[in-house]
file data.txt (compact mmCIF, C-alpha atoms and all ligand atoms)
# COMPACT_ATOMS: atom_id res chain seq x y z
CA MET A 1413 0.00 0.00 0.00
CA LYS A 1414 1.10 3.57 -0.75
CA LEU A 1415 0.11 5.73 2.17
CA ILE A 1416 0.51 9.36 3.23
CA PHE A 1417 0.23 10.73 6.76
CA LEU A 1418 -1.09 14.27 6.76
CA GLY A 1419 -1.46 16.45 9.83
CA PRO A 1420 -0.08 19.51 11.59
CA PRO A 1421 3.26 19.52 13.41
CA GLY A 1422 2.80 17.46 16.56
CA ALA A 1423 -0.25 15.52 15.31
CA GLY A 1424 1.60 12.26 15.99
CA LYS A 1425 2.63 11.31 12.46
CA GLY A 1426 6.08 10.07 13.52
CA THR A 1427 4.68 8.35 16.62
CA GLN A 1428 2.10 6.41 14.60
CA ALA A 1429 4.37 5.66 11.64
CA LEU A 1430 6.29 2.97 13.51
CA GLY A 1431 3.26 0.76 14.20
CA VAL A 1432 1.57 1.36 10.86
CA SER A 1433 4.65 0.76 8.70
CA SER A 1434 5.44 -2.51 10.46
CA LYS A 1435 1.81 -3.64 10.18
CA LEU A 1436 1.64 -2.80 6.45
CA LYS A 1437 5.24 -3.96 5.81
CA VAL A 1438 6.18 -0.78 3.96
CA PRO A 1439 9.08 1.57 4.74
CA HIS A 1440 8.45 4.67 6.86
CA ILE A 1441 9.82 7.63 4.92
CA SER A 1442 9.99 10.82 6.96
CA THR A 1443 11.25 13.80 4.98
CA GLY A 1444 11.92 15.61 8.28
CA ASP A 1445 14.20 12.73 9.41
CA MET A 1446 15.92 12.65 6.01
CA LEU A 1447 16.57 16.38 6.14
CA ARG A 1448 17.82 16.25 9.74
CA ALA A 1449 20.24 13.44 8.73
CA ALA A 1450 21.44 15.59 5.80
CA VAL A 1451 21.99 18.54 8.16
CA LYS A 1452 23.92 16.34 10.61
CA ASN A 1453 26.11 14.95 7.81
CA GLN A 1454 26.59 18.44 6.33
CA THR A 1455 25.62 17.31 2.82
CA PRO A 1456 24.88 20.04 0.24
CA THR A 1457 21.13 19.38 0.74
CA GLY A 1458 21.54 19.63 4.50
CA LEU A 1459 23.51 22.85 4.31
CA ALA A 1460 20.83 24.38 2.06
CA ALA A 1461 17.93 23.11 4.20
CA LYS A 1462 19.15 24.07 7.68
CA GLN A 1463 18.23 27.75 7.59
CA PHE A 1464 14.66 26.96 6.47
CA MET A 1465 14.17 24.23 9.09
CA ASP A 1466 15.56 26.26 11.98
CA ALA A 1467 13.21 29.11 11.03
CA GLY A 1468 10.19 26.77 10.87
CA ARG A 1469 9.76 27.37 7.13
CA LEU A 1470 9.38 24.83 4.34
CA VAL A 1471 12.46 23.75 2.41
CA PRO A 1472 12.00 24.60 -1.32
CA ASP A 1473 9.81 22.17 -3.27
CA ALA A 1474 12.49 21.25 -5.84
CA VAL A 1475 14.84 19.94 -3.12
CA LEU A 1476 12.10 17.80 -1.56
CA ILE A 1477 10.73 16.47 -4.83
CA ASP A 1478 14.18 15.28 -5.98
CA MET A 1479 14.86 13.74 -2.57
CA VAL A 1480 11.55 11.83 -2.51
CA ARG A 1481 11.83 10.76 -6.16
CA GLU A 1482 15.21 9.17 -5.41
CA ARG A 1483 14.00 7.52 -2.18
CA LEU A 1484 10.87 6.03 -3.79
CA SER A 1485 12.97 4.50 -6.58
CA MET A 1486 14.73 2.27 -4.03
CA ASP A 1487 14.04 -1.47 -3.82
CA ASP A 1488 12.30 -1.40 -0.45
CA CYS A 1489 9.49 0.74 -1.91
CA ARG A 1490 8.45 -1.98 -4.38
CA ASN A 1491 5.39 -2.88 -2.26
CA GLY A 1492 4.53 0.66 -1.24
CA TYR A 1493 5.51 3.34 1.23
CA LEU A 1494 4.38 5.34 4.22
CA LEU A 1495 5.22 8.99 3.60
CA ASP A 1496 5.37 11.21 6.70
CA GLY A 1497 5.90 14.93 6.04
CA PHE A 1498 5.53 14.79 2.26
CA PRO A 1499 3.74 16.21 0.37
CA ARG A 1500 3.41 19.54 2.17
CA THR A 1501 2.37 21.76 -0.73
CA VAL A 1502 0.06 21.29 -3.70
CA ASP A 1503 3.10 21.38 -6.02
CA GLN A 1504 4.67 18.51 -4.06
CA ALA A 1505 1.38 16.59 -4.25
CA GLU A 1506 1.20 17.08 -8.02
CA ALA A 1507 4.78 15.83 -8.35
CA LEU A 1508 3.95 12.73 -6.29
CA GLU A 1509 1.02 11.97 -8.61
CA GLU A 1510 3.63 11.59 -11.37
CA ILE A 1511 6.27 9.77 -9.34
CA SER A 1512 4.06 7.22 -7.52
CA PRO A 1513 0.48 8.21 -6.60
CA PRO A 1514 -0.76 7.27 -3.11
CA ASP A 1515 -3.62 4.80 -2.52
CA ALA A 1516 -4.79 6.52 0.66
CA VAL A 1517 -4.13 9.61 2.77
CA VAL A 1518 -4.67 9.58 6.54
CA ASN A 1519 -5.25 13.00 8.05
CA ILE A 1520 -4.47 12.94 11.79
CA ALA A 1521 -6.56 15.73 13.32
CA VAL A 1522 -5.59 17.32 16.66
CA PRO A 1523 -6.88 20.65 18.06
CA ASP A 1524 -4.36 23.52 17.86
CA GLY A 1525 -4.32 23.95 21.63
CA LYS A 1526 -2.80 20.49 22.14
CA LEU A 1527 -0.07 20.84 19.52
CA LEU A 1528 2.02 23.48 21.26
CA GLU A 1529 2.18 21.48 24.48
CA ARG A 1530 3.05 18.26 22.62
CA LEU A 1531 5.86 19.87 20.62
CA ALA A 1532 7.36 21.91 23.43
CA GLY A 1533 7.58 18.72 25.53
CA ARG A 1534 8.89 16.46 22.77
CA ARG A 1535 12.29 14.80 23.05
CA VAL A 1536 13.76 12.61 20.30
CA CYS A 1537 16.50 10.01 20.34
CA GLY A 1538 19.25 10.66 17.81
CA LYS A 1539 20.20 6.97 17.82
CA CYS A 1540 17.02 4.82 17.77
CA MET A 1541 14.88 7.74 16.47
CA GLY A 1542 12.27 7.20 19.22
CA THR A 1543 9.90 10.09 20.02
CA PHE A 1544 8.86 10.81 23.61
CA HIS A 1545 7.08 13.41 25.71
CA ILE A 1546 8.69 14.71 28.89
CA SER A 1547 5.51 13.96 30.84
CA LYS A 1548 6.18 10.23 30.25
CA LEU A 1549 9.93 10.24 30.98
CA ASN A 1550 11.71 9.65 34.29
CA ASP A 1551 14.81 11.43 32.96
CA GLU A 1552 14.20 13.80 30.04
CA ARG A 1553 17.85 13.51 28.92
CA ILE A 1554 18.07 9.72 28.48
CA CYS A 1555 16.28 7.57 25.88
CA PRO A 1556 14.21 4.97 27.77
CA VAL A 1557 14.68 2.50 24.89
CA CYS A 1558 18.40 2.61 24.00
CA LYS A 1559 19.79 4.83 26.80
CA SER A 1560 21.29 7.33 24.33
CA GLU A 1561 21.03 11.08 24.81
CA LEU A 1562 17.66 12.66 24.03
CA ILE A 1563 17.53 15.82 21.89
CA HIS A 1564 15.26 18.86 22.12
CA ARG A 1565 14.74 19.73 18.43
CA GLU A 1566 15.87 23.21 17.43
CA ASP A 1567 12.48 23.82 15.78
CA ASP A 1568 10.57 22.82 18.93
CA LYS A 1569 11.21 26.20 20.56
CA PRO A 1570 7.88 28.05 21.18
CA GLU A 1571 8.42 30.88 18.64
CA THR A 1572 9.40 28.41 15.89
CA ILE A 1573 6.43 26.16 16.72
CA THR A 1574 4.09 29.10 16.15
CA ARG A 1575 5.67 29.74 12.74
CA ARG A 1576 5.41 26.03 11.79
CA LEU A 1577 1.70 25.97 12.67
CA LYS A 1578 1.12 29.06 10.54
CA VAL A 1579 3.04 27.55 7.62
CA TYR A 1580 1.00 24.35 8.02
CA ARG A 1581 -2.32 26.24 7.88
CA GLU A 1582 -1.28 28.29 4.85
CA GLN A 1583 0.61 25.77 2.73
CA THR A 1584 -0.21 22.22 3.84
CA ALA A 1585 -3.83 22.28 5.08
CA PRO A 1586 -5.11 22.86 1.50
CA LEU A 1587 -4.01 19.26 0.79
CA ILE A 1588 -6.95 18.04 2.88
CA GLY A 1589 -9.36 19.33 0.21
CA TYR A 1590 -7.00 18.21 -2.56
CA TYR A 1591 -7.09 14.56 -1.46
CA GLU A 1592 -10.74 14.69 -0.43
CA SER A 1593 -11.65 15.60 -4.00
CA LYS A 1594 -9.69 12.56 -5.20
CA GLY A 1595 -11.65 10.32 -2.77
CA LYS A 1596 -8.46 9.26 -0.98
CA LEU A 1597 -8.80 11.06 2.35
CA ARG A 1598 -9.54 9.44 5.71
CA THR A 1599 -9.56 11.61 8.82
CA VAL A 1600 -8.87 10.13 12.25
CA ASP A 1601 -9.08 11.76 15.68
CA GLY A 1602 -5.48 12.14 16.88
CA ASP A 1603 -6.53 13.54 20.24
CA ASN A 1604 -6.68 10.13 21.91
CA ARG A 1605 -4.23 7.72 23.51
CA PRO A 1606 -1.54 6.71 20.98
CA GLU A 1607 -2.69 3.06 21.02
CA ASP A 1608 -6.27 4.14 20.22
CA VAL A 1609 -5.09 6.43 17.42
CA LEU A 1610 -3.21 3.47 15.92
CA LEU A 1611 -6.40 1.36 15.97
CA SER A 1612 -8.37 4.19 14.32
CA ILE A 1613 -5.78 4.51 11.56
CA LEU A 1614 -5.75 0.77 10.85
CA ALA A 1615 -9.58 0.68 10.87
CA SER A 1616 -9.71 3.61 8.43
CA LEU A 1617 -7.58 1.60 5.99
CA GLU A 1618 -9.73 -1.55 6.00
P1 LIG B 1701 8.99 17.23 10.23
O1 LIG B 1701 10.04 16.51 10.98
O2 LIG B 1701 8.20 16.50 9.22
O3 LIG B 1701 8.08 17.98 11.28
P2 LIG B 1701 6.47 18.17 11.36
O4 LIG B 1701 5.62 17.80 10.23
O5 LIG B 1701 6.39 19.56 11.81
O6 LIG B 1701 6.04 17.07 12.26
P3 LIG B 1701 6.56 16.74 13.63
O7 LIG B 1701 7.71 15.78 13.52
O8 LIG B 1701 6.85 18.01 14.38
O9 LIG B 1701 5.28 16.11 14.32
P4 LIG B 1701 4.63 14.68 14.26
O10 LIG B 1701 3.26 14.79 13.69
O11 LIG B 1701 5.55 13.65 13.64
O12 LIG B 1701 4.48 14.41 15.83
P5 LIG B 1701 5.21 13.37 16.78
O13 LIG B 1701 4.80 11.97 16.48
O14 LIG B 1701 6.68 13.64 16.84
O15 LIG B 1701 9.63 18.49 9.44
C1 LIG B 1701 10.58 19.36 10.06
C2 LIG B 1701 10.99 20.44 9.08
O16 LIG B 1701 11.60 19.85 7.91
C3 LIG B 1701 9.85 21.30 8.51
O17 LIG B 1701 9.50 22.37 9.37
C4 LIG B 1701 10.47 21.79 7.18
O18 LIG B 1701 11.38 22.83 7.39
C5 LIG B 1701 11.24 20.56 6.72
N1 LIG B 1701 10.45 19.68 5.84
C6 LIG B 1701 10.12 18.38 6.09
N2 LIG B 1701 9.37 17.90 5.08
C7 LIG B 1701 9.22 18.90 4.18
C8 LIG B 1701 8.53 19.02 2.94
N3 LIG B 1701 7.83 17.98 2.43
N4 LIG B 1701 8.60 20.20 2.29
C9 LIG B 1701 9.30 21.24 2.78
N5 LIG B 1701 9.97 21.20 3.95
C10 LIG B 1701 9.93 20.03 4.65
O19 LIG B 1701 4.54 13.76 18.19
C11 LIG B 1701 4.76 15.03 18.78
C12 LIG B 1701 4.73 14.92 20.33
O20 LIG B 1701 3.43 14.52 20.75
C13 LIG B 1701 5.70 13.88 20.89
O21 LIG B 1701 6.23 14.35 22.09
C14 LIG B 1701 4.81 12.65 21.14
O22 LIG B 1701 5.31 11.84 22.18
C15 LIG B 1701 3.48 13.31 21.49
N6 LIG B 1701 2.32 12.50 21.06
C16 LIG B 1701 2.18 11.84 19.88
N7 LIG B 1701 0.98 11.23 19.83
C17 LIG B 1701 0.33 11.56 20.99
C18 LIG B 1701 -0.97 11.25 21.51
N8 LIG B 1701 -1.84 10.48 20.84
N9 LIG B 1701 -1.30 11.75 22.73
C19 LIG B 1701 -0.42 12.53 23.43
N10 LIG B 1701 0.82 12.85 22.99
C20 LIG B 1701 1.19 12.38 21.78
call {"tool": "encode", "arguments": {"input": "data.txt", "output": "structure tokens", "more": "lines below"}}
Ligand code: AP5
result
Amino acid sequence: MKLIFLGPPGAGKGTQALGVSSKLKVPHISTGDMLRAAVKNQTPTGLAAKQFMDAGRLVPDAVLIDMVRERLSMDDCRNGYLLDGFPRTVDQAEALEEISPPDAVVNIAVPDGKLLERLAGRRVCGKCMGTFHISKLNDERICPVCKSELIHREDDKPETITRRLKVYREQTAPLIGYYESKGKLRTVDGDNRPEDVLLSILASLE
């Protein structure tokens, strides 16, 4: 299956991707993770993307479209994919229609008021890529899974979160109507316990 996760920053796309990709046996492709790896490795793409990401703005479409085109041509995408963070603009969505059109799009809906708190309290593991919230951690510096150091993302600072939510509303939210008109959209309530959100997503795909 070719699947897209849509939703504002903090909706739980990354959190849910783990369970859904292993259930569907398709690779989880997070453009945010790919860009952060490029920044860490100081590749030309990473160097170009960093200023946009730190400011909470979108990286230019051409960079993302080339990156996703190359990733989807890899062997592990033969049976499908789970895209998390792409497309984020109508131009990216149009490009994906040509590269490898999705079968379904899951929109994870969460009220704005919850997003700020979720993102400000998020910690991520640079090694196992786990995502956690400080309210569930005994020590907010140590990954409970692999014991590596947890990171507070640069773009999870309150002023950058506000910018990311604005960018989402202006540039990405129009994709809800775009995929609805193609009959591919399913919306699930993301304001529930993570295990219940996972069940809603799987039910929406049956
Ligand atoms: P990206 O990494 O994709 O960030 P995002 O879309 O803003 O999404 P997040 O990772 O912030 O949120 P999420 O929905 O995955 O939530 P999570 O599961 O972590 O992109 C980063 C940047 O890269 C962009 O700003 C842009 O610059 C660039 N970029 C990437 N793709 C691009 C593209 N296509 N075009 C242009 N630029 C691009 O959960 C959040 C928190 O909530 C966690 O603490 C988690 O533990 C908690 N949580 C999750 N689920 C629940 C729940 N059910 N109940 C309570 N808490 C929960």
call {"tool": "closest_atom_pairs", "arguments": {"input": "data.txt", "of": "region 1502-1536 of chain A", "to": "region 1588-1602 of chain A", "cutoff": "12 Å", "atoms": "all atoms listed in the file", "output": "Markdown table"}}
result
| residue | atom | partner | partner_atom | distance |
| --- | --- | --- | --- | --- |
| A:Val1502 | CA | A:Tyr1590 | CA | 7.8 |
| A:Asp1503 | CA | A:Tyr1590 | CA | 11.1 |
| A:Gln1504 | CA | A:Tyr1590 | CA | 11.8 |
| A:Ala1505 | CA | A:Tyr1590 | CA | 8.7 |
| A:Glu1506 | CA | A:Tyr1590 | CA | 9.9 |
| A:Glu1509 | CA | A:Tyr1591 | CA | 11.1 |
| A:Pro1513 | CA | A:Lys1596 | CA | 10.6 |
| A:Pro1514 | CA | A:Lys1596 | CA | 8.2 |
| A:Asp1515 | CA | A:Lys1596 | CA | 6.8 |
| A:Ala1516 | CA | A:Lys1596 | CA | 4.9 |
| A:Val1517 | CA | A:Leu1597 | CA | 4.9 |
| A:Val1518 | CA | A:Arg1598 | CA | 4.9 |
| A:Asn1519 | CA | A:Thr1599 | CA | 4.6 |
| A:Ile1520 | CA | A:Val1600 | CA | 5.2 |
| A:Ala1521 | CA | A:Gly1602 | CA | 5.2 |
| A:Val1522 | CA | A:Gly1602 | CA | 5.2 |
| A:Pro1523 | CA | A:Gly1602 | CA | 8.7 |
| A:Asp1524 | CA | A:Gly1602 | CA | 11.5 |
| A:Lys1526 | CA | A:Gly1602 | CA | 10.2 |
| A:Leu1527 | CA | A:Gly1602 | CA | 10.6 |
| A:Arg1530 | CA | A:Gly1602 | CA | 12.0 |
call {"tool": "closest_atom_pairs", "arguments": {"input": "data.txt", "of": "chain A", "to": "ligand LIG 1701 (chain B)", "cutoff": "7 Å", "atoms": "only C-alpha atoms and all ligand atoms", "output": "Markdown table"}}
result
| residue | atom | partner | partner_atom | distance |
| --- | --- | --- | --- | --- |
| A:Gly1419 | CA | B:LIG1701 | O10 | 6.3 |
| A:Pro1420 | CA | B:LIG1701 | O4 | 6.1 |
| A:Pro1421 | CA | B:LIG1701 | O5 | 3.5 |
| A:Gly1422 | CA | B:LIG1701 | O12 | 3.6 |
| A:Ala1423 | CA | B:LIG1701 | O10 | 3.9 |
| A:Gly1424 | CA | B:LIG1701 | O13 | 3.3 |
| A:Lys1425 | CA | B:LIG1701 | O10 | 3.7 |
| A:Gly1426 | CA | B:LIG1701 | O11 | 3.6 |
| A:Thr1427 | CA | B:LIG1701 | O13 | 3.6 |
| A:Gln1428 | CA | B:LIG1701 | O13 | 6.5 |
| A:Ser1442 | CA | B:LIG1701 | O2 | 6.4 |
| A:Thr1443 | CA | B:LIG1701 | N2 | 4.5 |
| A:Gly1444 | CA | B:LIG1701 | O1 | 3.4 |
| A:Asp1445 | CA | B:LIG1701 | O1 | 5.8 |
| A:Leu1447 | CA | B:LIG1701 | O16 | 6.3 |
| A:Phe1464 | CA | B:LIG1701 | O18 | 5.4 |
| A:Met1465 | CA | B:LIG1701 | O18 | 3.6 |
| A:Gly1468 | CA | B:LIG1701 | O17 | 4.7 |
| A:Arg1469 | CA | B:LIG1701 | O18 | 4.8 |
| A:Leu1470 | CA | B:LIG1701 | N5 | 3.7 |
| A:Val1471 | CA | B:LIG1701 | N5 | 3.9 |
| A:Pro1472 | CA | B:LIG1701 | C9 | 5.9 |
| A:Asp1473 | CA | B:LIG1701 | N4 | 6.0 |
| A:Leu1476 | CA | B:LIG1701 | N4 | 5.7 |
| A:Asp1496 | CA | B:LIG1701 | O2 | 6.5 |
| A:Gly1497 | CA | B:LIG1701 | O2 | 4.2 |
| A:Phe1498 | CA | B:LIG1701 | N3 | 3.9 |
| A:Pro1499 | CA | B:LIG1701 | N3 | 4.9 |
| A:Arg1500 | CA | B:LIG1701 | N3 | 4.7 |
| A:Arg1530 | CA | B:LIG1701 | O20 | 4.2 |
| A:Leu1531 | CA | B:LIG1701 | C12 | 5.1 |
| A:Gly1533 | CA | B:LIG1701 | O21 | 5.7 |
| A:Arg1534 | CA | B:LIG1701 | O21 | 3.5 |
| A:Arg1535 | CA | B:LIG1701 | O21 | 6.2 |
| A:Thr1543 | CA | B:LIG1701 | O22 | 5.4 |
| A:Phe1544 | CA | B:LIG1701 | O22 | 4.0 |
| A:His1545 | CA | B:LIG1701 | O21 | 3.8 |
| A:Arg1576 | CA | B:LIG1701 | O17 | 6.0 |
| A:Gly1602 | CA | B:LIG1701 | N8 | 5.6 |
| A:Asp1603 | CA | B:LIG1701 | N8 | 5.6 |
| A:Asn1604 | CA | B:LIG1701 | N8 | 5.0 |
| A:Arg1605 | CA | B:LIG1701 | N8 | 4.5 |
| A:Pro1606 | CA | B:LIG1701 | N8 | 3.8 |
| A:Val1609 | CA | B:LIG1701 | N8 | 6.2 |
call {"tool": "atom_distance", "arguments": {"input": "data.txt", "atom1": "CA of Arg1565 (chain A)", "atom2": "CA of Val1536 (chain A)"}}
result
7.4 Å
call {"tool": "residues_around", "arguments": {"input": "data.txt", "residues": "Val1432 (chain A)", "least_positions_apart": "6", "cutoff": "10 Å", "atoms": "all atoms listed in the file", "output": "ChimeraX atom specification"}}
result
/A:1415,1438-1440,1494,1610-1611,1613-1614
call {"tool": "atom_distance", "arguments": {"input": "data.txt", "atom1": "CA of Leu1508 (chain A)", "atom2": "CA of Ile1477 (chain A)"}}
result
7.9 Å
call {"tool": "atom_distance", "arguments": {"input": "data.txt", "atom1": "CA of Ala1429 (chain A)", "atom2": "CA of Ile1441 (chain A)"}}
result
8.9 Å
call {"tool": "closest_residue", "arguments": {"input": "data.txt", "among": "A:Lys1435, A:Arg1581, A:Gly1538, A:Asp1466", "to": "Cys1558 (chain A)", "atoms": "only C-alpha atoms"}}
result
A:Gly1538
call {"tool": "residues_near_point", "arguments": {"input": "data.txt", "point": "(9.7, 28.4, 21.1)", "cutoff": "12 Å", "atoms": "all atoms listed in the file", "output": "PyMOL selection string"}}
result
chain A and resi 1466-1468+1528-1529+1531-1533+1564-1577
call {"tool": "axis_aligned_box", "arguments": {"input": "data.txt", "around": "region 1451-1461 of chain A", "padding_each_side": "6 Å", "output": "AutoDock Vina command-line options"}}
result
--center_x 22.3 --center_y 19.7 --center_z 5.4 --size_x 20.7 --size_y 21.4 --size_z 22.4
call {"tool": "residues_near_point", "arguments": {"input": "data.txt", "point": "(8.0, -2.3, -5.9)", "cutoff": "12 Å", "atoms": "all atoms listed in the file", "output": "short mmCIF file (atom, residue, chain, number, x, y, z; two decimals) with C-alpha atoms, keeping the file's coordinate frame"}}
result
data_model
loop_
_atom_site.label_atom_id
_atom_site.label_comp_id
_atom_site.auth_asym_id
_atom_site.auth_seq_id
_atom_site.Cartn_x
_atom_site.Cartn_y
_atom_site.Cartn_z
CA MET A 1413 0.00 0.00 0.00
CA LYS A 1414 1.10 3.57 -0.75
CA VAL A 1438 6.18 -0.78 3.96
CA PRO A 1439 9.08 1.57 4.74
CA LEU A 1484 10.87 6.03 -3.79
CA SER A 1485 12.97 4.50 -6.58
CA MET A 1486 14.73 2.27 -4.03
CA ASP A 1487 14.04 -1.47 -3.82
CA ASP A 1488 12.30 -1.40 -0.45
CA CYS A 1489 9.49 0.74 -1.91
CA ARG A 1490 8.45 -1.98 -4.38
CA ASN A 1491 5.39 -2.88 -2.26
CA GLY A 1492 4.53 0.66 -1.24
CA TYR A 1493 5.51 3.34 1.23
CA SER A 1512 4.06 7.22 -7.52
#
call {"tool": "closest_residue", "arguments": {"input": "data.txt", "among": "A:Ala1474, A:Leu1436, A:Ile1511, A:Cys1555", "to": "Glu1618 (chain A)", "atoms": "only C-alpha atoms"}}
result
A:Leu1436
call {"tool": "build_atoms", "arguments": {"input": "data.txt", "residues": "region 1437-1445 of chain A", "atoms": "all heavy atoms", "output": "PDB file, keeping the file's coordinate frame"}}
result
ATOM      1  N   LYS A1437       3.991  -3.482   6.430  1.00  0.00           N
ATOM      2  CA  LYS A1437       5.240  -3.960   5.810  1.00  0.00           C
ATOM      3  C   LYS A1437       5.698  -3.056   4.658  1.00  0.00           C
ATOM      4  O   LYS A1437       6.033  -3.526   3.564  1.00  0.00           O
ATOM      5  CB  LYS A1437       5.106  -5.408   5.344  1.00  0.00           C
ATOM      6  CG  LYS A1437       4.829  -6.353   6.497  1.00  0.00           C
ATOM      7  CD  LYS A1437       4.881  -7.804   6.067  1.00  0.00           C
ATOM      8  CE  LYS A1437       4.779  -8.755   7.240  1.00  0.00           C
ATOM      9  NZ  LYS A1437       3.764  -8.446   8.227  1.00  0.00           N
ATOM     10  N   VAL A1438       5.649  -1.761   4.924  1.00  0.00           N
ATOM     11  CA  VAL A1438       6.180  -0.780   3.960  1.00  0.00           C
ATOM     12  C   VAL A1438       7.127   0.145   4.716  1.00  0.00           C
ATOM     13  O   VAL A1438       6.973   0.344   5.926  1.00  0.00           O
ATOM     14  CB  VAL A1438       5.050   0.052   3.277  1.00  0.00           C
ATOM     15  CG1 VAL A1438       4.189  -0.826   2.374  1.00  0.00           C
ATOM     16  CG2 VAL A1438       4.187   0.779   4.305  1.00  0.00           C
ATOM     17  N   PRO A1439       8.131   0.711   4.030  1.00  0.00           N
ATOM     18  CA  PRO A1439       9.080   1.570   4.740  1.00  0.00           C
ATOM     19  C   PRO A1439       8.452   2.891   5.170  1.00  0.00           C
ATOM     20  O   PRO A1439       7.637   3.468   4.449  1.00  0.00           O
ATOM     21  CB  PRO A1439      10.190   1.818   3.695  1.00  0.00           C
ATOM     22  CG  PRO A1439       9.559   1.566   2.379  1.00  0.00           C
ATOM     23  CD  PRO A1439       8.477   0.554   2.595  1.00  0.00           C
ATOM     24  N   HIS A1440       8.856   3.353   6.364  1.00  0.00           N
ATOM     25  CA  HIS A1440       8.450   4.670   6.860  1.00  0.00           C
ATOM     26  C   HIS A1440       9.429   5.687   6.316  1.00  0.00           C
ATOM     27  O   HIS A1440      10.624   5.628   6.611  1.00  0.00           O
ATOM     28  CB  HIS A1440       8.473   4.662   8.396  1.00  0.00           C
ATOM     29  CG  HIS A1440       8.365   6.016   9.009  1.00  0.00           C
ATOM     30  ND1 HIS A1440       8.986   6.371  10.188  1.00  0.00           N
ATOM     31  CD2 HIS A1440       7.697   7.142   8.606  1.00  0.00           C
ATOM     32  CE1 HIS A1440       8.717   7.625  10.488  1.00  0.00           C
ATOM     33  NE2 HIS A1440       7.935   8.118   9.547  1.00  0.00           N
ATOM     34  N   ILE A1441       8.945   6.616   5.521  1.00  0.00           N
ATOM     35  CA  ILE A1441       9.820   7.630   4.920  1.00  0.00           C
ATOM     36  C   ILE A1441       9.420   8.992   5.463  1.00  0.00           C
ATOM     37  O   ILE A1441       8.375   9.540   5.112  1.00  0.00           O
ATOM     38  CB  ILE A1441       9.690   7.593   3.376  1.00  0.00           C
ATOM     39  CG1 ILE A1441      10.097   6.201   2.879  1.00  0.00           C
ATOM     40  CG2 ILE A1441      10.557   8.682   2.745  1.00  0.00           C
ATOM     41  CD1 ILE A1441       9.855   5.982   1.400  1.00  0.00           C
ATOM     42  N   SER A1442      10.252   9.508   6.358  1.00  0.00           N
ATOM     43  CA  SER A1442       9.990  10.820   6.960  1.00  0.00           C
ATOM     44  C   SER A1442      10.934  11.836   6.319  1.00  0.00           C
ATOM     45  O   SER A1442      12.161  11.718   6.467  1.00  0.00           O
ATOM     46  CB  SER A1442      10.234  10.754   8.475  1.00  0.00           C
ATOM     47  OG  SER A1442      10.488  12.055   8.989  1.00  0.00           O
ATOM     48  N   THR A1443      10.365  12.810   5.620  1.00  0.00           N
ATOM     49  CA  THR A1443      11.250  13.800   4.980  1.00  0.00           C
ATOM     50  C   THR A1443      11.933  14.665   6.042  1.00  0.00           C
ATOM     51  O   THR A1443      13.064  15.106   5.844  1.00  0.00           O
ATOM     52  CB  THR A1443      10.469  14.675   3.977  1.00  0.00           C
ATOM     53  OG1 THR A1443       9.243  15.117   4.580  1.00  0.00           O
ATOM     54  CG2 THR A1443      10.188  13.921   2.706  1.00  0.00           C
ATOM     55  N   GLY A1444      11.276  14.866   7.188  1.00  0.00           N
ATOM     56  CA  GLY A1444      11.920  15.610   8.280  1.00  0.00           C
ATOM     57  C   GLY A1444      13.167  14.863   8.759  1.00  0.00           C
ATOM     58  O   GLY A1444      14.240  15.456   8.925  1.00  0.00           O
ATOM     59  N   ASP A1445      13.041  13.534   8.970  1.00  0.00           N
ATOM     60  CA  ASP A1445      14.200  12.730   9.410  1.00  0.00           C
ATOM     61  C   ASP A1445      15.301  12.752   8.351  1.00  0.00           C
ATOM     62  O   ASP A1445      16.492  12.836   8.673  1.00  0.00           O
ATOM     63  CB  ASP A1445      13.785  11.275   9.673  1.00  0.00           C
ATOM     64  CG  ASP A1445      12.984  11.124  10.967  1.00  0.00           C
ATOM     65  OD1 ASP A1445      12.931  12.083  11.763  1.00  0.00           O
ATOM     66  OD2 ASP A1445      12.403  10.038  11.175  1.00  0.00           O
TER      67      ASP A1445
END
